[in-house]
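*Asks:* Sharing a structure below in structure tokens format, with a few things to ask.
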Amino acid sequence: MVHADYANITAASRAEALESVVESYKALAEDTEFYVANLANASSLLWHAYHSLGVKVNWAGFYITRDADTLYLGPFQGKVACQVIKFGVGVCGTAASTQTTQLVPNVHEFPGHIACDSETNSEIVVPVVVDGKTVAVLDIDCETLEGFTEEDQKWLEQLAAAIATSCKF
Ligand code: SME
């Protein structure tokens, strides 16, 4: 098996596809604790998993905490995005400051949502927490309303937990 084979996701269900993302991430992260390398591959796994399911994900990636209380654009798949987000601002900043997953069925109803792409209609952001500090957030955007549910939240929180234990930030 070569590395690109991990992106060939042919799961029958959403749960199977997301479980395979978590398991593939853990296998790949055994090679290194460098967060850029691991989050780049996590972004690719998520992008291919959602696309294999026909979910119209238009952005999947990470923002990284730097300078205390500020998020900076990290590894991702999708179009160009905003580079700097303050804790407490928008969906990503809210996930970072509250350390809780933000499951947003309609981004247009989220106060302060930062519109990086006008095609985005729903979003999920999961914080990555190490020793009580938010070190990064996982962000996925979708072109349709209600693109994500509690099922996505469950698996993405498992992925965030695996990232927290496998990466050195
Ligand atoms: N919509 C996000 C900003 C990041 S982009 O979606 C990639 C937010 O409100 O935090």
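In the structure tokens, the first chain shown is A, the next is B, and so on; residue numbers restart at 1 for each chain, and ligands run from 1 in the order shown.
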Neighbours of ligand 1 within 9 Å, counting only C-alpha atoms and all ligand atoms, as a ChimeraX atom specification?

*Replies:* /A:59-63,73,76,78-83,85,89-95,107,110-117,120,122-123,125,139-141

*Asks:* For the residues selected in the previous step, produce a file with C-alpha atoms as a short mmCIF file (atom, residue, chain, number, x, y, z; two decimals), in the first residue's frame.

*Replies:*
```cif
data_model
loop_
_atom_site.label_atom_id
_atom_site.label_comp_id
_atom_site.auth_asym_id
_atom_site.auth_seq_id
_atom_site.Cartn_x
_atom_site.Cartn_y
_atom_site.Cartn_z
CA TRP A 59 -13.24 23.43 2.46
CA ALA A 60 -11.62 21.07 4.96
CA GLY A 61 -8.67 22.03 7.09
CA PHE A 62 -7.17 23.61 10.16
CA TYR A 63 -6.39 26.86 11.90
CA LEU A 73 -4.50 29.40 8.59
CA PHE A 76 -6.27 22.60 4.21
CA GLY A 78 -10.15 23.84 -0.91
CA LYS A 79 -10.06 27.45 -1.99
CA VAL A 80 -7.97 30.30 -0.54
CA ALA A 81 -9.22 31.29 2.96
CA CYS A 82 -8.75 34.06 5.51
CA GLN A 83 -5.39 33.81 7.29
CA ILE A 85 -8.96 34.80 13.15
CA VAL A 89 -14.72 35.74 16.45
CA GLY A 90 -16.75 33.73 13.93
CA VAL A 91 -17.35 29.99 14.08
CA CYS A 92 -13.67 29.04 14.35
CA GLY A 93 -12.94 31.67 16.99
CA THR A 94 -15.99 30.60 19.01
CA ALA A 95 -14.91 26.93 18.94
CA VAL A 107 -23.87 29.87 8.70
CA PHE A 110 -24.40 32.45 13.11
CA PRO A 111 -23.50 35.84 14.65
CA GLY A 112 -20.13 37.02 13.32
CA HIS A 113 -19.67 34.18 10.84
CA ILE A 114 -16.64 34.93 8.66
CA ALA A 115 -17.58 34.30 5.04
CA CYS A 116 -14.40 33.09 3.32
CA ASP A 117 -16.48 31.64 0.47
CA THR A 120 -20.63 27.97 2.10
CA SER A 122 -23.13 25.10 6.75
CA GLU A 123 -20.06 24.40 8.80
CA VAL A 125 -15.64 23.41 13.75
CA ASP A 139 -12.98 23.37 10.20
CA ILE A 140 -15.15 21.84 7.47
CA ASP A 141 -17.49 23.85 5.24
#
```

*Asks:* Would you list the contacts of Gly54 of chain A as a list in words, taking every protein, DNA or RNA residue within 12 Å and counting only C-alpha atoms, but skipping same-chain residues closer than 5 positions in sequence?

*Replies:*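 My list of contacting residues is Ile9, Thr10, Ala11, Ala12, Ser13, Arg14, Ala17, Trp47, His48, Ala49, Cys142, Glu143, Thr144 and Gly147 of chain A.
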
*Asks:* Counting only C-alpha atoms, which residue out of A:Gln77, A:Asn38, A:Asn8, A:Thr149 sits closest to Leu103 of chain A?

*Replies:*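 Of A:Gln77, A:Asn38, A:Asn8, A:Thr149, the one nearest Leu103 of chain A, counting only C-alpha atoms, is A:Thr149.
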
*Asks:* Taking the DSSP assignment computed from this structure's backbone, write out as a ChimeraX atom specification all residues of chain A that belong to alpha helix (DSSP H).

*Replies:* /A:14-28,35-52,90-98,150-166

*Asks:* For Ala161 of chain A, list every protein, DNA or RNA residue within 12 Å, evaluated using only C-alpha atoms, and leave out those in the same chain fewer than 5 positions away; present the list as a PyMOL selection string.

*Replies:* chain A and resi 22+25-26+126-131+134-138+154-156+166-167

*Asks:* Would you work out the distance separating atom CA of Phe87 of chain A from atom CA of Thr101 of chain A, expressed in Å to one decimal?

*Replies:*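 Separation of atom CA of Phe87 of chain A and atom CA of Thr101 of chain A: 13.9 Å.
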